[in-house]
Structures are given as structure tokens and as C-alpha cells.
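Everything below concerns the one structure shown next.
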Amino acid sequence: MEALSRDMWQGLDAQDKEAWMRKLVHQLPDGMQYEGLETFERFGQRMETGVFTEDGLRFVFVPGDQVTLGWDRWQHGMNQETSADLHETVSEYGVEDVDSFLASQMSPVREVTIAPMLVECELISLGWIEVSEEEAFAQEDPDFPSALEQFKQSDIREYELHQQFRLIRQSEDEVRILWFNEGIELEDVVREEAAAGFGLLTEDEWEYIYGGGCRTLFPWGDSFDYTMRLKHFGILEGVDGIVDGSGESASSRVEEKEDDRAYDLELPNFFGVQFAGDPYKVELTLDSDGDVMPKGGDGGSLICGGTGPLVGFLPAAAVYYRDVNASELDWEDLMDAMYYRRVVRLPEVVL
């Protein structure tokens with residue numbers, strides 16, 4: 001008997017997939033319900049998979065696989081636009097060997113076996129909890145009342161007072177209020193989730209779920225996609241210094257176009273999983289020793305250095321990016337930017 005691999009899963013028809021998903025319910029934490037099959041497609045990969053919910057939160061079934069993870073060389077190589085942008089940016093920081101620079105930013109190449117699992121689609125904030133306006137006023141923070149009133153009268157979309165509270169505009173009349181959760185201990189989070197039947201992602205699992213086992217720098221290939229809309233930059237065709245396909249600088253003609261379009265890196269991928277898509281945010285994973293390994297961001301270190309979208313978004317866009325300074329950080333330093341997602345591992349799912 002073999003674990004249900006990705007190839008095996010893809011080879012099943014919809015009826016057999018439905019049968020497998022309904023069997024899984026008996027192995028899952030209390031309260032999880034099977035909702036049906038759904039198809040996700042992105043970056044040239046496509047997956048029909050089962051969707052589950054737990055207290056209104058979505059999970060997807062991710063089949064396991066034996067894959068190569070990590071990065072140390074190009075699969076196809078950059079196109080001219082990406083190459084010129086990358087060389088110009090890193091040369092300003094004294095980097096001459098671009099390939100070695102990139103390899104030093106990535107996790108090492110290794111062969112791993114990933115077990116089937118259910119993966120939470122969206123992220124949970126580690127440091128912030130959502131509160132009502134009444135609950136926020138009950139905190140008796142002297143800065144909150146005036147900040148909320150000024151925010152309601154303004155046009156800005158988001159405001160944060162560092163490690164105190166965050167205001168997010170949902171609509172003209174609705175404001176989400178997040179309060180910083182002080183004193184949380186990582187060990188408590190892991191223990192509480194385990195008691196409820198959930199685990200946290202490992203670095204191997206995160207890289208597999210984000211890239212699907214691809215061997216390219218990004219999940220879509222080796223070249224950067226300058227048609228994306230990115231947080232902190234907007235639509236890239238309107239960003240100074242980025243060239244269009246003709247080699248000429250793109251004008252600001254598209255700055256207002258599709259202003260409400262979703263940020264591309266936040267959209268569900270081919271497994272149906274959504275990522276932060278923001279280098280200022282990091283997703284909590286655990287390494288082989290159980291220590292914190294932040295993925296999907298670097299706390300904004302590169303982007304704050306004025307590196308532009310390509311290098312600034314490497315932590316959020318490159319599949320195998322690993323923060324070289326992670327071992328020197330206390331995870332508490334990143335708590336206000338740290339997120340995690342729950343998983344249910346299913347190694348016993350076999351054909």
C-alpha cells in the first residue's frame with residue numbers, strides 16, 4: 001500500500017475523489033465538515049481537490065509527494081528584463097555574482113517526502129486579535145479614541161500604532177479593529193493547536209505548498225512578472241524605472257486602472273491556499289529541530305532598503321527564500337508581523 005501521492009490523486013475521477021474525501025471526515029478534528037470538490041488553477045498548475053470547513057474557516061486537501069526542494073541554479077534562466085533589473089539593483093550593493101547572491105538567499109537543495117494533509121487556506125495572525133469597537137474602548141488606551149475618529153474622517157485604508165492597535169477600512173462605514181496580543185508564547189500556541197488536533201507547517205511543507213515542487217525561482221518561472229499588482233507598489237507598469245516590453249519606461253497611464261484589483265500574490269494558488277504576498281509579513285513554520293523558521297517575508301528588510309519590487313519582493317515571491325538572519329532573531333521581534341496556518345497531517349491515507 002502506498003501513501004496517496006499527488007500523481008495518484010490527479011489520476012482519480014471526481015467520484016473516487018469524493019469517496020476519499022468523505023472517508024477523511026472520520027479522521028479529522030471535531031467540527032470539520034466536508035464541503036465538496038473545487039478546482040484551483042494558477043501558474044500553469046491545476047488541482048481539483050476537497051474543501052473542508054471548521055467554524056467557517058476553509059481547509060483544502062493537499063496530496064503528498066516526493067519532491068526536490070531548495071534552489072541553487074536556474075531551471076530556464078531569467079529573461080532580459082528580469083536580468084537587467086536584478087543586475088542593476090544588486091550591483092548598487094556591491095554584488096557582482098548574481099547567481100551566488102540568489103543561492104545564498106535560498107534554502108539548500110534536498111529530497112523530501114511530503115505526507116497528505118489538510119491545509120488551512122488563509123492565515124491566522126499571531127500577534128493581533130480582532131475586537132469590536134466596544135472591546136477596543138474597554139482597553140482604555142489613551143491614543144485609541146482620537147485615532148479612531150481621525151481614521152473615520154480620513155480616506156486612508158489602514159493605520160497602525162506600533163504594537164498597540166491597527167485600523168483597517170472595510171467599507172465607507174465599516175472599520176476593522178485589531179488589538180496587539182501581548183505576552184503570547186509560541187509553545188502555548190503549538191500546544192493549544194495540537195490539543196485541538198492541528199499542527200503547524202514545517203519549512204518543507206510550506207515550500208511544497210507554495211511552489212508545488214517547481215524547480216524555478218518563482219512558482220510561475222524564473223523571470224519576474226511585471227504585470228502583477230503588488231502591495232506597496234500597486235500596478236508595476238506604473239512604477240518608475242520599470243520598463244515595458246518595448247524597453248521604454250512605462251508611463252503612469254495605468255496608475256488608476258484596476259485600482260481595486262486584488263494583489264496578485266495574495267490570490268489562491270493551484271492548491272487553493274492563500275499566502276500573505278507581503279515581504280513585511282512572515283509565516284511561521286518550524287524547522288527540523290522544531291525552531292521557528294519564518295517564510296514568505298523578511299520583515300521588510302530588503303524592500304526598506306529601496307531595492308524595488310524584484311529584489312524587495314524576493315522574500316514573498318521566491319519559492320525557496322530563507323531569511324539568512326532568521327537564526328539571529330528572537331521570534332518575539334517578529335510577533336506583530338507573524339502569521340501561521342493550521343494543518344492536519346494524513347500519513348495514513350493510502351491506496
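Each chain of the C-alpha cells is named A, B, ... in the order shown, its residues numbered from 1; ligands are numbered from 1 in display order.
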- Residues near His232 in chain A, cut-off 10 Å, only C-alpha atoms, skip fewer than 3 positions along chain, as an MDAnalysis selection string: chainID A and resid 229 235 263 278:280 303 309
- Item | Contact residues around range 31-45 of chain A with only C-alpha atoms at 10 Å, ignoring same-chain residues under 3 positions, as a PyMOL selection string | chain A and resi 14-15+17-18+21-28+48-61+211-212+214+218-221+267-273
Just N, CA and C atoms for this one: save the residues we selected as a CSV table (one decimal), in the first residue's frame.
```csv
chain,number,residue,atom,x,y,z
A,14,ALA,N,-13.7,12.2,-10.4
A,14,ALA,CA,-14.4,13.0,-9.4
A,14,ALA,C,-15.1,12.1,-8.4
A,15,GLN,N,-15.7,11.1,-8.9
A,15,GLN,CA,-16.5,10.2,-8.0
A,15,GLN,C,-15.5,9.5,-6.9
A,17,LYS,N,-12.6,10.7,-6.0
A,17,LYS,CA,-12.1,11.8,-5.1
A,17,LYS,C,-13.1,12.1,-4.0
A,18,GLU,N,-14.4,12.1,-4.4
A,18,GLU,CA,-15.5,12.4,-3.4
A,18,GLU,C,-15.5,11.3,-2.3
A,21,MET,N,-12.6,11.8,0.1
A,21,MET,CA,-12.8,12.9,1.0
A,21,MET,C,-13.8,12.7,2.1
A,22,ARG,N,-14.9,11.9,1.7
A,22,ARG,CA,-15.9,11.6,2.7
A,22,ARG,C,-15.3,10.6,3.8
A,23,LYS,N,-14.4,9.8,3.4
A,23,LYS,CA,-13.8,8.9,4.3
A,23,LYS,C,-12.9,9.6,5.3
A,24,LEU,N,-12.3,10.7,4.9
A,24,LEU,CA,-11.4,11.5,5.7
A,24,LEU,C,-12.1,12.1,6.9
A,25,VAL,N,-13.3,12.4,6.8
A,25,VAL,CA,-14.0,13.2,7.8
A,25,VAL,C,-13.9,12.4,9.2
A,26,HIS,N,-13.8,11.1,9.2
A,26,HIS,CA,-13.7,10.3,10.4
A,26,HIS,C,-12.4,10.4,11.1
A,27,GLN,N,-11.4,11.0,10.3
A,27,GLN,CA,-10.0,11.1,10.9
A,27,GLN,C,-9.7,12.5,11.3
A,28,LEU,N,-10.6,13.4,11.2
A,28,LEU,CA,-10.4,14.8,11.4
A,28,LEU,C,-10.8,15.4,12.7
A,48,GLU,N,-7.9,19.7,-8.8
A,48,GLU,CA,-9.2,19.5,-8.2
A,48,GLU,C,-9.1,18.8,-6.9
A,49,THR,N,-9.6,19.4,-5.8
A,49,THR,CA,-9.4,18.9,-4.5
A,49,THR,C,-10.6,19.1,-3.6
A,50,GLY,N,-10.5,18.5,-2.4
A,50,GLY,CA,-11.6,18.6,-1.5
A,50,GLY,C,-11.5,19.8,-0.6
A,51,VAL,N,-12.6,20.5,-0.3
A,51,VAL,CA,-12.6,21.6,0.5
A,51,VAL,C,-13.4,21.3,1.8
A,52,PHE,N,-12.8,21.6,2.9
A,52,PHE,CA,-13.4,21.3,4.3
A,52,PHE,C,-13.5,22.7,5.0
A,53,THR,N,-14.4,22.7,6.0
A,53,THR,CA,-14.5,23.9,6.8
A,53,THR,C,-14.5,23.5,8.3
A,54,GLU,N,-14.0,24.4,9.1
A,54,GLU,CA,-14.1,24.3,10.5
A,54,GLU,C,-14.4,25.6,11.1
A,55,ASP,N,-15.6,25.7,11.7
A,55,ASP,CA,-16.0,27.0,12.3
A,55,ASP,C,-15.9,28.1,11.2
A,56,GLY,N,-16.4,27.8,10.0
A,56,GLY,CA,-16.4,28.8,8.9
A,56,GLY,C,-15.1,29.0,8.2
A,57,LEU,N,-14.0,28.4,8.7
A,57,LEU,CA,-12.7,28.6,8.0
A,57,LEU,C,-12.4,27.4,7.1
A,58,ARG,N,-11.8,27.8,5.9
A,58,ARG,CA,-11.7,26.8,4.9
A,58,ARG,C,-10.3,26.1,5.0
A,59,PHE,N,-10.4,24.8,4.7
A,59,PHE,CA,-9.2,23.9,4.5
A,59,PHE,C,-9.3,23.2,3.2
A,60,VAL,N,-8.1,22.9,2.6
A,60,VAL,CA,-8.1,22.1,1.3
A,60,VAL,C,-7.3,20.9,1.5
A,61,PHE,N,-7.6,19.8,0.8
A,61,PHE,CA,-6.8,18.6,0.8
A,61,PHE,C,-5.6,18.8,-0.1
A,211,GLY,N,5.1,26.2,-3.9
A,211,GLY,CA,5.6,26.0,-5.3
A,211,GLY,C,5.2,24.8,-5.9
A,212,GLY,N,4.6,23.9,-5.2
A,212,GLY,CA,4.1,22.6,-5.8
A,212,GLY,C,5.3,21.7,-6.3
A,214,CYS,N,8.0,22.9,-7.8
A,214,CYS,CA,8.6,23.5,-9.0
A,214,CYS,C,10.1,23.7,-8.8
A,218,PHE,N,10.6,31.4,-9.1
A,218,PHE,CA,9.2,31.7,-8.7
A,218,PHE,C,8.2,30.6,-9.0
A,219,PRO,N,7.1,30.6,-8.5
A,219,PRO,CA,6.1,29.5,-8.8
A,219,PRO,C,5.7,29.5,-10.2
A,220,TRP,N,5.9,30.6,-10.9
A,220,TRP,CA,5.5,30.7,-12.3
A,220,TRP,C,6.6,30.6,-13.3
A,221,GLY,N,7.9,30.6,-12.8
A,221,GLY,CA,9.0,30.6,-13.7
A,221,GLY,C,10.2,31.3,-13.1
A,267,LEU,N,-3.7,36.0,-4.1
A,267,LEU,CA,-4.7,35.2,-4.6
A,267,LEU,C,-4.4,33.7,-4.3
A,268,PRO,N,-5.5,32.8,-4.3
A,268,PRO,CA,-5.3,31.4,-4.0
A,268,PRO,C,-4.4,30.8,-5.1
A,269,ASN,N,-3.6,29.9,-4.7
A,269,ASN,CA,-2.7,29.2,-5.7
A,269,ASN,C,-3.4,27.9,-6.2
A,270,PHE,N,-2.6,27.1,-6.9
A,270,PHE,CA,-3.2,25.9,-7.5
A,270,PHE,C,-3.7,24.8,-6.5
A,271,PHE,N,-3.3,25.0,-5.2
A,271,PHE,CA,-3.8,24.1,-4.2
A,271,PHE,C,-5.0,24.7,-3.5
A,272,GLY,N,-5.3,26.0,-3.8
A,272,GLY,CA,-6.4,26.7,-3.2
A,272,GLY,C,-5.9,27.4,-1.9
A,273,VAL,N,-4.6,27.5,-1.7
A,273,VAL,CA,-4.0,28.1,-0.5
A,273,VAL,C,-3.6,29.6,-0.8
```
- Query: Which residues come within 8 Å of Ser223 in chain A, counting only C-alpha atoms, excluding same-chain residues fewer than 2 positions away, as a list in words?
  - Reply: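 Skipping anything fewer than 2 positions along the chain leaves Gly77, Met78, Asn79, Thr82, Leu217, Phe218, Gly221 and Asp225 of chain A.
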- Would you kindly return, as a list in words, each protein, DNA or RNA residue with an atom no farther than 12 Å from any atom of Glu174 in chain A, considering only C-alpha atoms and excluding same-chain residues fewer than 4 positions away?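 Skipping anything fewer than 4 positions along the chain leaves Ser132, Glu133, Leu148, Phe151, Lys152, Arg157, Leu167, Ile168, Arg169 and Gln170 of chain A.
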Residues of the last selection are to be written out with N, CA, C and O atoms, as a PDB file, in the first residue's frame.
```pdb
ATOM      1  N   SER A 132     -14.205  44.199  18.801  1.00  0.00           N
ATOM      2  CA  SER A 132     -15.265  45.140  18.459  1.00  0.00           C
ATOM      3  C   SER A 132     -14.859  46.535  18.934  1.00  0.00           C
ATOM      4  O   SER A 132     -13.915  46.698  19.716  1.00  0.00           O
ATOM      5  N   GLU A 133     -15.601  47.544  18.483  1.00  0.00           N
ATOM      6  CA  GLU A 133     -15.301  48.908  18.912  1.00  0.00           C
ATOM      7  C   GLU A 133     -15.486  49.035  20.421  1.00  0.00           C
ATOM      8  O   GLU A 133     -14.693  49.709  21.100  1.00  0.00           O
ATOM      9  N   LEU A 148      -9.130  56.626  16.198  1.00  0.00           N
ATOM     10  CA  LEU A 148     -10.283  56.056  15.504  1.00  0.00           C
ATOM     11  C   LEU A 148     -11.109  57.150  14.844  1.00  0.00           C
ATOM     12  O   LEU A 148     -11.530  57.010  13.686  1.00  0.00           O
ATOM     13  N   PHE A 151      -9.303  58.487  11.853  1.00  0.00           N
ATOM     14  CA  PHE A 151      -9.287  57.483  10.787  1.00  0.00           C
ATOM     15  C   PHE A 151     -10.627  57.471  10.052  1.00  0.00           C
ATOM     16  O   PHE A 151     -10.675  57.405   8.820  1.00  0.00           O
ATOM     17  N   LYS A 152     -11.726  57.545  10.796  1.00  0.00           N
ATOM     18  CA  LYS A 152     -13.053  57.530  10.170  1.00  0.00           C
ATOM     19  C   LYS A 152     -13.269  58.742   9.281  1.00  0.00           C
ATOM     20  O   LYS A 152     -13.983  58.664   8.271  1.00  0.00           O
ATOM     21  N   ARG A 157      -6.556  53.805   4.041  1.00  0.00           N
ATOM     22  CA  ARG A 157      -7.114  52.454   4.131  1.00  0.00           C
ATOM     23  C   ARG A 157      -6.687  51.715   5.392  1.00  0.00           C
ATOM     24  O   ARG A 157      -7.386  50.832   5.862  1.00  0.00           O
ATOM     25  N   LEU A 167      -6.077  49.762  12.493  1.00  0.00           N
ATOM     26  CA  LEU A 167      -7.385  50.091  11.938  1.00  0.00           C
ATOM     27  C   LEU A 167      -7.369  49.810  10.441  1.00  0.00           C
ATOM     28  O   LEU A 167      -6.453  50.255   9.734  1.00  0.00           O
ATOM     29  N   ILE A 168      -8.361  49.068   9.953  1.00  0.00           N
ATOM     30  CA  ILE A 168      -8.425  48.694   8.539  1.00  0.00           C
ATOM     31  C   ILE A 168      -9.806  49.053   8.012  1.00  0.00           C
ATOM     32  O   ILE A 168     -10.830  48.628   8.563  1.00  0.00           O
ATOM     33  N   ARG A 169      -9.846  49.821   6.913  1.00  0.00           N
ATOM     34  CA  ARG A 169     -11.116  50.232   6.334  1.00  0.00           C
ATOM     35  C   ARG A 169     -11.677  49.110   5.466  1.00  0.00           C
ATOM     36  O   ARG A 169     -11.076  48.718   4.475  1.00  0.00           O
ATOM     37  N   GLN A 170     -12.832  48.591   5.860  1.00  0.00           N
ATOM     38  CA  GLN A 170     -13.504  47.562   5.089  1.00  0.00           C
ATOM     39  C   GLN A 170     -14.447  48.169   4.062  1.00  0.00           C
ATOM     40  O   GLN A 170     -14.591  47.660   2.952  1.00  0.00           O
TER      41      GLN A 170
END
```
- Message: Taking the DSSP secondary structure from the backbone, can you list the residues of range 72-259 of chain A that are strand (DSSP E or B), as number ranges by chain?
- Response: A: 106, 110-114, 117-120, 124-125, 128-131, 158-161, 165-169, 175-180, 199-200, 202, 218, 221, 229-230, 234-235, 243, 249
- Work out how far CA of Leu123 in chain A is from CA of Asp72 in chain A, in Å to one decimal.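 Computing the Euclidean distance for CA of Asp72 in chain A and CA of Leu123 in chain A yields 28.8 Å.
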- Message: Can you tell me which residues surround Glu193 in chain A at a distance of at most 9 Å, considering only C-alpha atoms, apart from same-chain residues fewer than 6 positions away, and format the answer as a PyMOL selection string?
- Response: chain A and resi 199-200+342
- Item | Per-residue DSSP, range 83-309 of chain A, filtered to helix (DSSP H, G or I), as a PyMOL selection string | chain A and resi 83-91+98-104+133-138+144-153+186-195+203-211+236-238+252-254+264-266+301-304+308-309
Could you pull the residues within 12 Å of Leu4 in chain A, counting only C-alpha atoms, minus those fewer than 6 positions along the same chain, as a compact mmCIF listing (two decimals) with N, CA and C atoms, in the first residue's frame?
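Just written: result-v8.txt:
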```txt
# COMPACT_ATOMS: atom_id res chain seq x y z
N GLN A 10 -4.36 12.93 -8.78
CA GLN A 10 -4.74 13.55 -10.05
C GLN A 10 -5.35 12.53 -11.01
N GLY A 11 -4.97 11.26 -10.85
CA GLY A 11 -5.48 10.23 -11.73
C GLY A 11 -6.86 9.71 -11.38
N LEU A 12 -7.37 10.08 -10.20
CA LEU A 12 -8.70 9.65 -9.79
C LEU A 12 -9.78 10.48 -10.47
N LYS A 17 -12.60 10.70 -5.96
CA LYS A 17 -12.11 11.75 -5.06
C LYS A 17 -13.14 12.07 -3.99
N TRP A 20 -13.03 9.39 -1.30
CA TRP A 20 -11.88 9.53 -0.42
C TRP A 20 -12.07 10.68 0.58
N MET A 21 -12.62 11.80 0.10
CA MET A 21 -12.81 12.95 0.97
C MET A 21 -13.83 12.65 2.07
N PHE A 61 -7.61 19.83 0.82
CA PHE A 61 -6.81 18.61 0.84
C PHE A 61 -5.64 18.79 -0.11
N VAL A 62 -4.42 18.59 0.40
CA VAL A 62 -3.20 18.67 -0.40
C VAL A 62 -2.56 17.28 -0.42
N PRO A 63 -2.55 16.61 -1.58
CA PRO A 63 -1.94 15.28 -1.63
C PRO A 63 -0.43 15.36 -1.43
N GLY A 64 0.16 14.30 -0.92
CA GLY A 64 1.60 14.28 -0.68
C GLY A 64 2.40 14.03 -1.95
N ASP A 65 3.71 14.02 -1.79
CA ASP A 65 4.58 13.80 -2.95
C ASP A 65 6.02 13.62 -2.48
N GLN A 66 6.84 13.06 -3.35
CA GLN A 66 8.28 13.05 -3.16
C GLN A 66 8.85 14.09 -4.10
N THR A 113 9.99 13.89 1.44
CA THR A 113 8.70 13.22 1.26
C THR A 113 7.66 13.99 2.04
N ILE A 114 6.63 14.44 1.34
CA ILE A 114 5.56 15.20 1.95
C ILE A 114 4.34 14.30 2.11
N ALA A 115 3.79 14.25 3.31
CA ALA A 115 2.60 13.45 3.57
C ALA A 115 1.35 14.21 3.15
N PRO A 116 0.27 13.50 2.79
CA PRO A 116 -1.00 14.18 2.50
C PRO A 116 -1.47 14.95 3.74
N MET A 117 -2.18 16.04 3.52
CA MET A 117 -2.64 16.85 4.66
C MET A 117 -3.79 17.75 4.27
N LEU A 346 -2.05 13.62 7.27
CA LEU A 346 -2.83 12.41 7.00
C LEU A 346 -1.93 11.32 6.42
N PRO A 347 -0.88 10.91 7.12
CA PRO A 347 0.04 9.91 6.56
C PRO A 347 -0.61 8.55 6.36
N GLU A 348 -1.75 8.31 7.01
CA GLU A 348 -2.39 7.01 6.92
C GLU A 348 -3.29 6.88 5.68
N VAL A 349 -3.40 7.99 4.88
CA VAL A 349 -4.24 7.94 3.68
C VAL A 349 -3.47 7.19 2.60
N VAL A 350 -3.89 5.94 2.30
CA VAL A 350 -3.15 5.10 1.38
C VAL A 350 -4.10 4.47 0.37
N LEU A 351 -3.53 4.09 -0.77
CA LEU A 351 -4.29 3.35 -1.79
C LEU A 351 -3.92 1.87 -1.70
```
For the interface of range 205-237 of chain A with range 286-297 of chain A (cut-off 10 Å, counting only C-alpha atoms), please tabulate each contacting residue of range 205-237 of chain A alongside its nearest pair of atoms and their separation in Å to one decimal, rows sorted by chain and increasing number, as a Markdown table.
```
| residue | atom | partner | partner_atom | distance |
| --- | --- | --- | --- | --- |
| A:Glu205 | CA | A:Leu286 | CA | 9.7 |
| A:Trp206 | CA | A:Lys295 | CA | 7.8 |
| A:Glu207 | CA | A:Lys295 | CA | 8.6 |
| A:Tyr210 | CA | A:Gly296 | CA | 9.3 |
```
Could you save those same residues with all heavy atoms as a compact mmCIF listing (two decimals), in the first residue's frame?
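Saved to part_12.txt:
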```txt
# COMPACT_ATOMS: atom_id res chain seq x y z
N GLU A 205 7.07 21.59 4.15
CA GLU A 205 5.66 21.61 3.73
C GLU A 205 5.30 22.96 3.13
O GLU A 205 4.58 23.03 2.12
CB GLU A 205 4.76 21.29 4.92
CG GLU A 205 4.88 19.84 5.39
CD GLU A 205 4.23 19.60 6.73
OE1 GLU A 205 4.01 20.57 7.49
OE2 GLU A 205 3.94 18.42 7.05
N TRP A 206 5.78 24.03 3.74
CA TRP A 206 5.48 25.38 3.23
C TRP A 206 6.00 25.52 1.80
O TRP A 206 5.27 26.03 0.92
CB TRP A 206 6.10 26.44 4.13
CG TRP A 206 5.65 27.85 3.81
CD1 TRP A 206 4.65 28.53 4.41
CD2 TRP A 206 6.20 28.71 2.81
NE1 TRP A 206 4.53 29.79 3.84
CE2 TRP A 206 5.46 29.92 2.86
CE3 TRP A 206 7.22 28.60 1.87
CZ2 TRP A 206 5.72 31.01 2.02
CZ3 TRP A 206 7.48 29.68 1.01
CH2 TRP A 206 6.75 30.87 1.09
N GLU A 207 7.24 25.15 1.55
CA GLU A 207 7.81 25.30 0.22
C GLU A 207 7.08 24.43 -0.81
O GLU A 207 6.89 24.85 -1.96
CB GLU A 207 9.30 24.96 0.25
CG GLU A 207 10.12 25.98 1.03
CD GLU A 207 11.63 25.72 0.97
OE1 GLU A 207 12.04 24.66 0.43
OE2 GLU A 207 12.38 26.57 1.46
N TYR A 210 3.65 26.13 -1.47
CA TYR A 210 3.78 27.38 -2.22
C TYR A 210 4.19 27.14 -3.67
O TYR A 210 3.64 27.76 -4.59
CB TYR A 210 4.80 28.30 -1.54
CG TYR A 210 4.91 29.66 -2.21
CD1 TYR A 210 3.79 30.47 -2.37
CD2 TYR A 210 6.14 30.13 -2.69
CE1 TYR A 210 3.89 31.71 -2.98
CE2 TYR A 210 6.23 31.37 -3.30
CZ TYR A 210 5.11 32.16 -3.44
OH TYR A 210 5.20 33.38 -4.05
```
